[in-house]
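entry.txt, holding compact mmCIF, C-alpha atoms and all ligand atoms:
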# COMPACT_ATOMS: atom_id res chain seq x y z
CA MET A 1184 -24.26 65.98 35.31
CA THR A 1185 -27.56 67.08 36.87
CA ASP A 1186 -29.30 70.46 37.16
CA VAL A 1187 -28.31 71.55 33.68
CA ALA A 1188 -30.76 73.47 31.47
CA ILE A 1189 -30.18 73.77 27.73
CA ARG A 1190 -31.69 76.67 25.78
CA GLU A 1191 -31.00 78.79 22.71
CA ALA A 1192 -28.63 81.73 23.20
CA ALA A 1193 -29.85 85.33 23.22
CA THR A 1194 -27.90 88.51 22.46
CA ALA A 1195 -27.45 89.20 26.17
CA ASP A 1196 -25.47 85.93 26.46
CA ILE A 1197 -22.70 87.06 24.06
CA PRO A 1198 -20.13 88.23 26.67
CA ALA A 1199 -20.50 84.99 28.66
CA LEU A 1200 -20.41 82.91 25.47
CA HIS A 1201 -17.22 84.59 24.32
CA ALA A 1202 -15.52 83.99 27.68
CA LEU A 1203 -16.64 80.34 27.77
CA ILE A 1204 -15.49 79.52 24.22
CA GLU A 1205 -12.08 81.16 24.65
CA SER A 1206 -11.56 79.38 27.98
CA ALA A 1207 -12.38 75.99 26.44
CA TYR A 1208 -10.28 76.33 23.25
CA ARG A 1209 -7.28 78.52 23.94
CA GLY A 1210 -4.67 79.49 26.49
CA GLU A 1211 -3.70 78.15 29.87
CA ALA A 1212 -7.28 77.96 31.21
CA SER A 1213 -8.14 75.42 28.52
CA ARG A 1214 -5.45 73.01 29.76
CA ALA A 1215 -7.68 72.14 32.73
CA GLY A 1216 -9.83 70.25 30.20
CA TRP A 1217 -8.96 66.97 28.46
CA THR A 1218 -8.73 68.42 24.95
CA THR A 1219 -7.76 71.91 23.81
CA GLU A 1220 -6.28 73.77 20.86
CA ALA A 1221 -3.72 75.52 23.10
CA ASP A 1222 -0.75 73.63 21.59
CA LEU A 1223 -1.88 74.40 18.03
CA LEU A 1224 -3.20 77.97 18.11
CA ASP A 1225 -2.88 81.21 20.02
CA GLY A 1226 -5.16 84.21 19.62
CA GLN A 1227 -8.91 84.10 19.58
CA ARG A 1228 -11.40 81.34 18.65
CA THR A 1229 -14.22 83.83 18.11
CA ASP A 1230 -15.27 87.36 19.05
CA ALA A 1231 -18.40 89.34 19.87
CA ASP A 1232 -18.97 90.38 16.23
CA ASP A 1233 -18.78 86.76 15.04
CA LEU A 1234 -21.22 85.65 17.76
CA THR A 1235 -23.58 88.55 16.91
CA ASP A 1236 -23.58 87.47 13.23
CA ILE A 1237 -24.35 83.87 14.21
CA LEU A 1238 -27.33 84.88 16.36
CA ALA A 1239 -28.70 87.08 13.55
CA ASP A 1240 -28.52 84.26 10.97
CA PRO A 1241 -31.67 82.09 10.62
CA GLU A 1242 -29.49 79.23 9.34
CA GLN A 1243 -27.40 79.14 12.53
CA ALA A 1244 -28.00 79.08 16.28
CA LEU A 1245 -26.09 78.60 19.51
CA LEU A 1246 -27.43 76.22 22.13
CA THR A 1247 -26.30 77.03 25.65
CA ALA A 1248 -26.07 74.89 28.82
CA TRP A 1249 -26.67 76.54 32.16
CA ARG A 1250 -26.26 75.55 35.77
CA GLY A 1251 -28.26 78.21 37.59
CA ASP A 1252 -27.03 81.53 36.23
CA ASN A 1253 -23.71 80.11 35.07
CA LEU A 1254 -23.06 79.35 31.42
CA ILE A 1255 -21.15 76.05 31.39
CA GLY A 1256 -21.41 74.83 27.80
CA CYS A 1257 -22.45 75.70 24.26
CA VAL A 1258 -22.63 74.38 20.71
CA LEU A 1259 -23.16 76.09 17.35
CA ILE A 1260 -25.60 74.46 14.93
CA ALA A 1261 -25.91 75.42 11.26
CA ARG A 1262 -27.83 74.41 8.15
CA ARG A 1263 -25.42 73.60 5.33
CA GLY A 1264 -27.84 72.57 2.57
CA GLU A 1265 -30.80 70.26 2.01
CA GLY A 1266 -30.84 67.69 4.83
CA LEU A 1267 -27.32 68.60 5.96
CA GLY A 1268 -26.51 70.03 9.38
CA TYR A 1269 -23.21 71.10 10.93
CA PHE A 1270 -22.10 71.65 14.49
CA GLY A 1271 -19.06 73.45 15.87
CA MET A 1272 -17.81 75.68 18.70
CA LEU A 1273 -18.63 72.82 21.05
CA SER A 1274 -17.42 74.07 24.42
CA VAL A 1275 -17.63 72.88 28.01
CA LEU A 1276 -16.12 74.82 30.90
CA PRO A 1277 -12.68 73.14 31.32
CA THR A 1278 -13.18 72.36 35.02
CA LEU A 1279 -16.50 70.58 34.28
CA GLN A 1280 -15.33 68.44 31.35
CA ALA A 1281 -15.38 64.62 31.19
CA ALA A 1282 -18.69 64.48 33.10
CA GLY A 1283 -21.04 63.93 30.14
CA LEU A 1284 -22.06 67.48 29.23
CA GLY A 1285 -20.25 67.47 25.87
CA ARG A 1286 -22.11 64.34 24.76
CA ARG A 1287 -25.38 65.84 25.98
CA LEU A 1288 -24.76 69.01 23.94
CA VAL A 1289 -23.99 66.96 20.82
CA GLU A 1290 -27.26 65.06 21.30
CA ALA A 1291 -29.14 68.35 21.81
CA ALA A 1292 -27.55 69.68 18.61
CA HIS A 1293 -28.66 66.56 16.69
CA ASP A 1294 -32.24 66.87 18.02
CA GLU A 1295 -32.45 70.57 17.21
CA MET A 1296 -31.08 70.14 13.65
CA ARG A 1297 -33.62 67.37 13.01
CA ARG A 1298 -36.43 69.55 14.37
CA ARG A 1299 -35.51 72.84 12.65
CA TRP A 1300 -34.07 71.76 9.36
CA SER A 1301 -35.12 68.10 9.01
CA ALA A 1302 -31.42 67.30 8.94
CA LYS A 1303 -30.60 63.74 7.88
CA ARG A 1304 -26.80 64.02 8.13
CA VAL A 1305 -24.42 66.07 10.26
CA ARG A 1306 -20.90 67.23 9.49
CA ILE A 1307 -18.12 68.49 11.68
CA SER A 1308 -14.58 69.62 10.90
CA VAL A 1309 -11.66 68.73 13.16
CA LEU A 1310 -7.93 69.40 13.18
CA PRO A 1311 -6.30 66.00 12.50
CA GLN A 1312 -3.68 66.58 15.21
CA ARG A 1313 -6.49 66.21 17.77
CA ASP A 1314 -6.50 62.43 17.87
CA THR A 1315 -8.27 61.93 21.23
CA LEU A 1316 -11.05 64.30 20.12
CA ILE A 1317 -11.40 62.44 16.79
CA ALA A 1318 -11.62 59.15 18.73
CA TRP A 1319 -14.47 60.62 20.78
CA TYR A 1320 -16.32 61.78 17.66
CA GLU A 1321 -15.91 58.26 16.27
CA ARG A 1322 -17.55 56.91 19.45
CA LEU A 1323 -20.37 59.40 18.75
CA GLY A 1324 -20.87 57.83 15.31
CA TYR A 1325 -18.84 60.21 13.11
CA ARG A 1326 -16.62 58.91 10.31
CA PRO A 1327 -14.15 60.76 8.03
CA THR A 1328 -15.68 61.63 4.64
CA GLY A 1329 -12.24 61.78 3.02
CA GLU A 1330 -12.62 65.53 2.45
CA THR A 1331 -10.35 68.14 3.95
CA LEU A 1332 -10.71 71.91 4.31
CA PRO A 1333 -7.90 74.47 4.41
CA PHE A 1334 -7.15 76.32 7.64
CA PRO A 1335 -7.80 80.08 7.19
CA TYR A 1336 -4.18 81.17 7.59
CA GLY A 1337 -3.74 84.94 7.64
CA ASP A 1338 -7.12 85.69 9.22
CA PRO A 1339 -6.58 86.42 12.93
CA ARG A 1340 -10.33 86.12 13.57
CA PHE A 1341 -9.70 82.36 13.54
CA GLY A 1342 -6.61 82.51 15.74
CA LEU A 1343 -2.83 82.67 15.40
CA PRO A 1344 -1.50 79.28 14.27
CA LYS A 1345 1.56 77.90 16.05
CA ARG A 1346 2.39 75.62 13.12
CA ASP A 1347 2.10 75.72 9.36
CA ASP A 1348 0.47 72.34 8.69
CA LEU A 1349 -3.06 72.92 9.99
CA TYR A 1350 -6.12 71.87 8.02
CA PHE A 1351 -9.49 70.32 8.85
CA VAL A 1352 -10.67 66.75 8.40
CA VAL A 1353 -14.40 66.53 7.60
CA MET A 1354 -16.41 63.91 9.52
CA GLU A 1355 -20.06 62.98 9.08
CA ARG A 1356 -22.78 60.77 10.56
CA PRO A 1357 -26.36 60.03 9.62
CA LEU A 1358 -29.06 61.32 11.96
CA ASP A 1359 -31.49 58.41 11.81
C1 LIG B 1401 -14.82 68.54 23.42
C2 LIG B 1401 -15.61 68.91 24.67
C3 LIG B 1401 -16.79 69.80 24.35
C4 LIG B 1401 -16.13 67.60 25.34
O1 LIG B 1401 -16.89 67.96 26.48
P1 LIG B 1401 -16.99 66.98 27.74
O2 LIG B 1401 -18.00 67.56 28.67
O3 LIG B 1401 -15.64 66.70 28.28
O4 LIG B 1401 -17.57 65.68 27.02
P2 LIG B 1401 -18.11 64.33 27.71
O5 LIG B 1401 -17.82 64.36 29.17
O6 LIG B 1401 -19.51 64.12 27.28
O7 LIG B 1401 -17.25 63.23 26.98
C5 LIG B 1401 -15.86 63.21 27.14
C6 LIG B 1401 -15.31 61.99 26.45
O8 LIG B 1401 -13.88 62.08 26.46
C7 LIG B 1401 -13.33 60.97 27.13
N1 LIG B 1401 -12.18 61.46 27.86
C8 LIG B 1401 -12.14 62.04 29.06
N2 LIG B 1401 -10.88 62.35 29.39
C9 LIG B 1401 -10.10 61.97 28.37
C10 LIG B 1401 -8.70 62.00 28.12
N3 LIG B 1401 -7.84 62.52 29.00
N4 LIG B 1401 -8.25 61.51 26.93
C11 LIG B 1401 -9.10 60.99 26.02
N5 LIG B 1401 -10.45 60.92 26.20
C12 LIG B 1401 -10.94 61.40 27.37
C13 LIG B 1401 -14.44 60.46 28.03
O9 LIG B 1401 -14.26 59.08 28.29
C14 LIG B 1401 -15.67 60.71 27.17
O10 LIG B 1401 -15.83 59.71 26.19
P3 LIG B 1401 -17.23 58.88 26.12
O11 LIG B 1401 -18.32 59.93 25.90
O12 LIG B 1401 -17.06 57.96 24.96
O13 LIG B 1401 -17.37 58.18 27.44
C15 LIG B 1401 -14.70 69.64 25.72
O14 LIG B 1401 -13.56 68.83 25.97
C16 LIG B 1401 -14.22 71.00 25.24
O15 LIG B 1401 -14.87 72.01 25.48
N6 LIG B 1401 -13.02 71.04 24.61
C17 LIG B 1401 -12.42 72.30 24.15
C18 LIG B 1401 -13.11 72.83 22.90
C19 LIG B 1401 -13.05 71.82 21.77
O16 LIG B 1401 -12.02 71.26 21.48
N7 LIG B 1401 -14.22 71.58 21.13
C20 LIG B 1401 -14.34 70.65 20.01
C21 LIG B 1401 -13.71 71.23 18.79
S1 LIG B 1401 -14.20 70.49 17.28

In structure tokens, what does this structure look like?
Amino acid sequence: MTDVAIREAATADIPALHALIESAYRGEASRAGWTTEADLLDGQRTDADDLTDILADPEQALLTAWRGDNLIGCVLIARRGEGLGYFGMLSVLPTLQAAGLGRRLVEAAHDEMRRRWSAKRVRISVLPQRDTLIAWYERLGYRPTGETLPFPYGDPRFGLPKRDDLYFVVMERPLD
């Protein structure tokens, strides 16, 4: 994918970020992409308050991908301790997926976490039902750590689960 510029998000980007993330993760629009949470969760993935808190936190940032004035992708990076980075909220506009932008955003996230926080390892958390997504993360060098995290049932800020067996598998890769 050519003509894409990646830069850090600013407060003015929040409405576009919110629309992009919801369209990638949830609802019918997300089904135009190759992987979505639409079968697992309804409700929201994030909201403007959550995004505002992220942008105000020196230990987190959102990288955004633009084609002209159009926001087409994003990824959240976070510092999770000495030498440990995390990325999440990885989103590509459903109609532009499977063209390499997701991989490019993951690489940008790795570079930025090395530069900002001298990260040596990166973690992600994934719903185990998402087998094709996990296979992709394995091709990107991530391996399960054996740890799991509970899904925040009862907190609609994270969505409305369609099933009662959700949890997260933790995956990690070195950054060398
Ligand atoms: C995950 C996501 C960011 C990937 O973005 P993308 O632009 O499609 O990523 P890329 O084009 O770089 O890579 C897509 C990969 O999926 C593979 N792929 C494409 N279509 C596929 C399909 N139908 N089934 C399985 N794999 C597929 C491609 O071969 C490619 O693998 P490769 O990099 O090893 O060649 C995007 O699908 C998305 O926004 N999904 C919804 C939000 C989400 O689930 N985020 C991650 C949550 S942890």

Would you name the residues within 6 Å of ligand LIG 1401 (chain B), counting all atoms listed in the file, and put them as a tab-separated table (two decimals) with C-alpha atoms, keeping the file's coordinate frame?
chain	number	residue	atom	x	y	z
A	1207	ALA	CA	-12.38	75.99	26.44
A	1208	TYR	CA	-10.28	76.33	23.25
A	1216	GLY	CA	-9.83	70.25	30.20
A	1217	TRP	CA	-8.96	66.97	28.46
A	1218	THR	CA	-8.73	68.42	24.95
A	1219	THR	CA	-7.76	71.91	23.81
A	1271	GLY	CA	-19.06	73.45	15.87
A	1272	MET	CA	-17.81	75.68	18.70
A	1273	LEU	CA	-18.63	72.82	21.05
A	1274	SER	CA	-17.42	74.07	24.42
A	1275	VAL	CA	-17.63	72.88	28.01
A	1280	GLN	CA	-15.33	68.44	31.35
A	1281	ALA	CA	-15.38	64.62	31.19
A	1282	ALA	CA	-18.69	64.48	33.10
A	1283	GLY	CA	-21.04	63.93	30.14
A	1284	LEU	CA	-22.06	67.48	29.23
A	1285	GLY	CA	-20.25	67.47	25.87
A	1286	ARG	CA	-22.11	64.34	24.76
A	1309	VAL	CA	-11.66	68.73	13.16
A	1315	THR	CA	-8.27	61.93	21.23
A	1319	TRP	CA	-14.47	60.62	20.78
A	1322	ARG	CA	-17.55	56.91	19.45

For Leu1203 (chain A), please output as a PyMOL selection string all residues within 10 Å (counting all atoms listed in the file; exclusion window: fewer than 5 positions along the same chain).
chain A and resi 1197-1198+1208+1213+1254-1257+1274-1277

Edge lengths and centre in Å, axis-aligned, region 1244-1251 of chain A plus 3 Å each side, as AutoDock Vina command-line options:
--center_x -27.2 --center_y 77.0 --center_z 26.9 --size_x 8.2 --size_y 10.2 --size_z 27.3

Distance query 6 Å from (0.9, 79.6, 17.1) using all atoms listed in the file, result as a ChimeraX atom specification:
/A:1223-1225,1343-1346

Residue nearest Thr1229 (chain A) - candidates A:Ile1204, A:Val1305, A:Val1353, A:Ala1244, atoms counted: all atoms listed in the file:
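Closest candidate: A:Ile1204.
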
One decimal place gives the CA of Ala1195 (chain A)-CA of Glu1211 (chain A) separation as 26.5 Å

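Put simply, CA of Tyr1269 (chain A) is 26.8 Å away from CA of Ala1215 (chain A).
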
Using only C-alpha atoms and a cutoff of 12 Å, can you tell me which residues are near (-25.0, 76.0, 37.9) in the file's coordinates, and write them out as a VMD selection string?
chain A and resid 1184 to 1189 1248 to 1256 1276 1279

Skip Glu1191 (chain A) itself and residues of its chain fewer than 6 positions away, then list as a ChimeraX atom specification all residues within 6 Å of it, counting all atoms listed in the file.
/A:1245-1247

Take the selection from the previous step and output its residues with C-alpha atoms, as a short mmCIF file (atom, residue, chain, number, x, y, z; two decimals), keeping the file's coordinate frame.
data_model
loop_
_atom_site.label_atom_id
_atom_site.label_comp_id
_atom_site.auth_asym_id
_atom_site.auth_seq_id
_atom_site.Cartn_x
_atom_site.Cartn_y
_atom_site.Cartn_z
CA LEU A 1245 -26.09 78.60 19.51
CA LEU A 1246 -27.43 76.22 22.13
CA THR A 1247 -26.30 77.03 25.65
#

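Counting all atoms listed in the file and comparing A:Thr1194, A:Gly1324, A:Leu1238, A:Asp1359, the residue that lies closest to Asp1294 (chain A) is A:Asp1359.
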
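CA of Gly1210 (chain A) lies 27.3 Å from CA of Ala1291 (chain A).
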
Which of these residues is nearest to His1293 (chain A), using all atoms listed in the file: A:Phe1270, A:Pro1333, A:His1201, A:Met1354?
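Answer, going by the shortest atom-to-atom distance: A:Phe1270.
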